[in-house]
Amino acid sequence: MTDDDASVSLALALHGVRILGFANSDAVARRWGLSSDAVDEALGDAEACGWVTFASFAGLSGWSLTDRGRRENERRLTEELARVDGEHRLKRVYSDFLPVNATLLTACTNWQLRPASDGRLASNDHTDLEWDARVLRELGEIEHELASISENLESILSRFGGYDVRYAAALRRARRGEHEWVDGTAVDSCHRVWFELHEDLIATLGIDRNVES
């Protein structure tokens, strides 16, 4: 691996850990189409710099960013965005993303909860087919919005590519009755794809999710 290749692998490995939250090397490698060996090496270097830590608990093992690693990731993202003069364009796409994000969150909430006979909200047992069909239609409308957002994002930075494809694949499975593909955390569900996209955007723009408007 050349020094340039190693630098790219380190940047993507750090960012992969950021958007996945807690992940092993294989998951980070799959996210970017890298080899697991390259990611292992990159994260080993990152660990030596104090940017990531490795932990195991409850049968799971993976990497997470330290505060220093989060700052380093954001520094690299700022430089990446500056190289393509993409900040203003990305902010415009982000503005388009926010209202669709609100719709997605409402749809996922409606997938999890629905009014019971007494009018109070109850866990959605998916026996009301009309209710579920309405939510799936909303998710389908979001799919169309995401196609345009993804095209604009990929024109700025190629690493933004693929979110729309992953979302569409998850929605197809949800429409076949695989309910976890709407909001499951153990599969590449609509909500998981959307969460990663959201994290990718705010990380690249240096926005704090807690004070996001």
# chains A, B, ... in the order shown; residues from 1 in each chain; ligands from 1
$ select_by_dssp --residues "segment 65-199 of chain A" --states "strand (DSSP E or B)" --output "short mmCIF file (atom, residue, chain, number, x, y, z; two decimals) with C-alpha atoms, in the first residue's frame"
data_model
loop_
_atom_site.label_atom_id
_atom_site.label_comp_id
_atom_site.auth_asym_id
_atom_site.auth_seq_id
_atom_site.Cartn_x
_atom_site.Cartn_y
_atom_site.Cartn_z
CA LEU A 65 -13.89 7.30 18.31
CA LEU A 113 -46.72 3.25 17.58
CA ARG A 114 -50.35 3.65 16.56
CA PRO A 115 -53.54 4.76 18.34
CA LEU A 121 -50.73 5.31 21.64
CA ALA A 122 -49.74 1.66 21.78
CA SER A 123 -47.04 -0.49 20.30
#
$ closest_atom_pairs --of "segment 148-213 of chain A" --to "segment 126-131 of chain A" --cutoff "12 Å" --atoms "only C-alpha atoms" --output "tab-separated table"
residue	atom	partner	partner_atom	distance
A:Ala174	CA	A:His126	CA	11.9
A:Arg175	CA	A:Leu129	CA	11.5
A:Gly177	CA	A:His126	CA	9.7
A:Glu178	CA	A:His126	CA	11.0
A:His179	CA	A:His126	CA	8.5
A:Glu180	CA	A:His126	CA	11.4
$ closest_residue --among "A:Ser61, A:Thr106, A:Ser35, A:Ser95" --to "Asp183 of chain A" --atoms "only C-alpha atoms"
A:Thr106
$ closest_residue --among "A:Gly50, A:Gly33, A:Gly69, A:Gly162" --to "Val17 of chain A" --atoms "only C-alpha atoms"
A:Gly69
$ closest_residue --among "A:Ser155, A:Asn210, A:Ser189, A:Thr204" --to "Glu87 of chain A" --atoms "only C-alpha atoms"
A:Thr204
$ closest_residue --among "A:Arg18, A:Ile207, A:Gly44, A:Pro99" --to "Arg70 of chain A" --atoms "only C-alpha atoms"
A:Arg18
$ atom_distance --atom1 "atom CA of Ala58 of chain A" --atom2 "atom CA of Trp181 of chain A"
23.5 Å
$ residues_around --residues "Leu20 of chain A" --least-positions-apart "6" --cutoff "9 Å" --atoms "only C-alpha atoms" --output "PDB file with C-alpha atoms, in the first residue's frame"
ATOM      1  CA  ALA A  27     -18.115  -3.533   9.063  1.00  0.00           C
ATOM      2  CA  VAL A  28     -15.997  -0.454   8.360  1.00  0.00           C
ATOM      3  CA  ARG A  31     -18.935   0.360   4.301  1.00  0.00           C
ATOM      4  CA  SER A  64     -15.290   3.798  18.675  1.00  0.00           C
ATOM      5  CA  GLU A 196     -25.874   7.139   8.891  1.00  0.00           C
ATOM      6  CA  GLU A 199     -24.438  11.590  10.796  1.00  0.00           C
TER       7      GLU A 199
END
$ decode --residues "segment 94-117 of chain A" --atoms "N, CA and C atoms" --output "JSON list (two decimals), in the first residue's frame"
[["chain", "number", "residue", "atom", "x", "y", "z"],
["A", 94, "TYR", "N", -28.10, 20.05, 2.50],
["A", 94, "TYR", "CA", -28.49, 19.79, 3.89],
["A", 94, "TYR", "C", -29.82, 20.48, 4.23],
["A", 95, "SER", "N", -30.00, 21.69, 3.71],
["A", 95, "SER", "CA", -31.28, 22.39, 3.92],
["A", 95, "SER", "C", -32.43, 21.62, 3.29],
["A", 96, "ASP", "N", -32.19, 21.00, 2.15],
["A", 96, "ASP", "CA", -33.22, 20.17, 1.51],
["A", 96, "ASP", "C", -33.47, 18.89, 2.31],
["A", 97, "PHE", "N", -32.42, 18.41, 2.96],
["A", 97, "PHE", "CA", -32.51, 17.16, 3.73],
["A", 97, "PHE", "C", -33.37, 17.31, 4.98],
["A", 98, "LEU", "N", -33.28, 18.44, 5.66],
["A", 98, "LEU", "CA", -33.90, 18.58, 6.98],
["A", 98, "LEU", "C", -35.42, 18.33, 6.99],
["A", 99, "PRO", "N", -36.21, 18.92, 6.08],
["A", 99, "PRO", "CA", -37.65, 18.63, 6.13],
["A", 99, "PRO", "C", -37.96, 17.16, 5.82],
["A", 100, "VAL", "N", -37.17, 16.54, 4.95],
["A", 100, "VAL", "CA", -37.38, 15.12, 4.66],
["A", 100, "VAL", "C", -37.01, 14.29, 5.89],
["A", 101, "ASN", "N", -36.00, 14.74, 6.61],
["A", 101, "ASN", "CA", -35.61, 14.07, 7.84],
["A", 101, "ASN", "C", -36.76, 14.07, 8.85],
["A", 102, "ALA", "N", -37.44, 15.19, 8.98],
["A", 102, "ALA", "CA", -38.57, 15.26, 9.90],
["A", 102, "ALA", "C", -39.68, 14.29, 9.49],
["A", 103, "THR", "N", -39.92, 14.17, 8.19],
["A", 103, "THR", "CA", -40.93, 13.23, 7.69],
["A", 103, "THR", "C", -40.53, 11.80, 7.99],
["A", 104, "LEU", "N", -39.25, 11.48, 7.82],
["A", 104, "LEU", "CA", -38.75, 10.13, 8.09],
["A", 104, "LEU", "C", -38.91, 9.78, 9.56],
["A", 105, "LEU", "N", -38.59, 10.69, 10.45],
["A", 105, "LEU", "CA", -38.72, 10.42, 11.88],
["A", 105, "LEU", "C", -40.17, 10.19, 12.27],
["A", 106, "THR", "N", -41.08, 10.97, 11.69],
["A", 106, "THR", "CA", -42.50, 10.78, 11.96],
["A", 106, "THR", "C", -42.97, 9.42, 11.45],
["A", 107, "ALA", "N", -42.52, 9.04, 10.25],
["A", 107, "ALA", "CA", -42.92, 7.75, 9.68],
["A", 107, "ALA", "C", -42.42, 6.59, 10.54],
["A", 108, "CYS", "N", -41.20, 6.68, 11.02],
["A", 108, "CYS", "CA", -40.67, 5.60, 11.86],
["A", 108, "CYS", "C", -41.40, 5.53, 13.19],
["A", 109, "THR", "N", -41.76, 6.69, 13.74],
["A", 109, "THR", "CA", -42.55, 6.69, 14.97],
["A", 109, "THR", "C", -43.91, 6.03, 14.73],
["A", 110, "ASN", "N", -44.54, 6.34, 13.60],
["A", 110, "ASN", "CA", -45.83, 5.74, 13.27],
["A", 110, "ASN", "C", -45.70, 4.24, 12.99],
["A", 111, "TRP", "N", -44.52, 3.80, 12.57],
["A", 111, "TRP", "CA", -44.30, 2.37, 12.37],
["A", 111, "TRP", "C", -44.22, 1.64, 13.71],
["A", 112, "GLN", "N", -43.75, 2.35, 14.73],
["A", 112, "GLN", "CA", -43.57, 1.75, 16.05],
["A", 112, "GLN", "C", -44.81, 1.87, 16.92],
["A", 113, "LEU", "N", -45.56, 2.96, 16.73],
["A", 113, "LEU", "CA", -46.72, 3.25, 17.58],
["A", 113, "LEU", "C", -47.93, 3.60, 16.73],
["A", 114, "ARG", "N", -49.11, 3.23, 17.22],
["A", 114, "ARG", "CA", -50.35, 3.65, 16.56],
["A", 114, "ARG", "C", -51.44, 3.79, 17.62],
["A", 115, "PRO", "N", -52.48, 4.57, 17.34],
["A", 115, "PRO", "CA", -53.54, 4.76, 18.34],
["A", 115, "PRO", "C", -54.29, 3.46, 18.63],
["A", 116, "ALA", "N", -54.49, 3.19, 19.91],
["A", 116, "ALA", "CA", -55.30, 2.04, 20.33],
["A", 116, "ALA", "C", -56.77, 2.44, 20.34],
["A", 117, "SER", "N", -57.63, 1.49, 20.68],
["A", 117, "SER", "CA", -59.07, 1.75, 20.66],
["A", 117, "SER", "C", -59.49, 2.83, 21.65]]
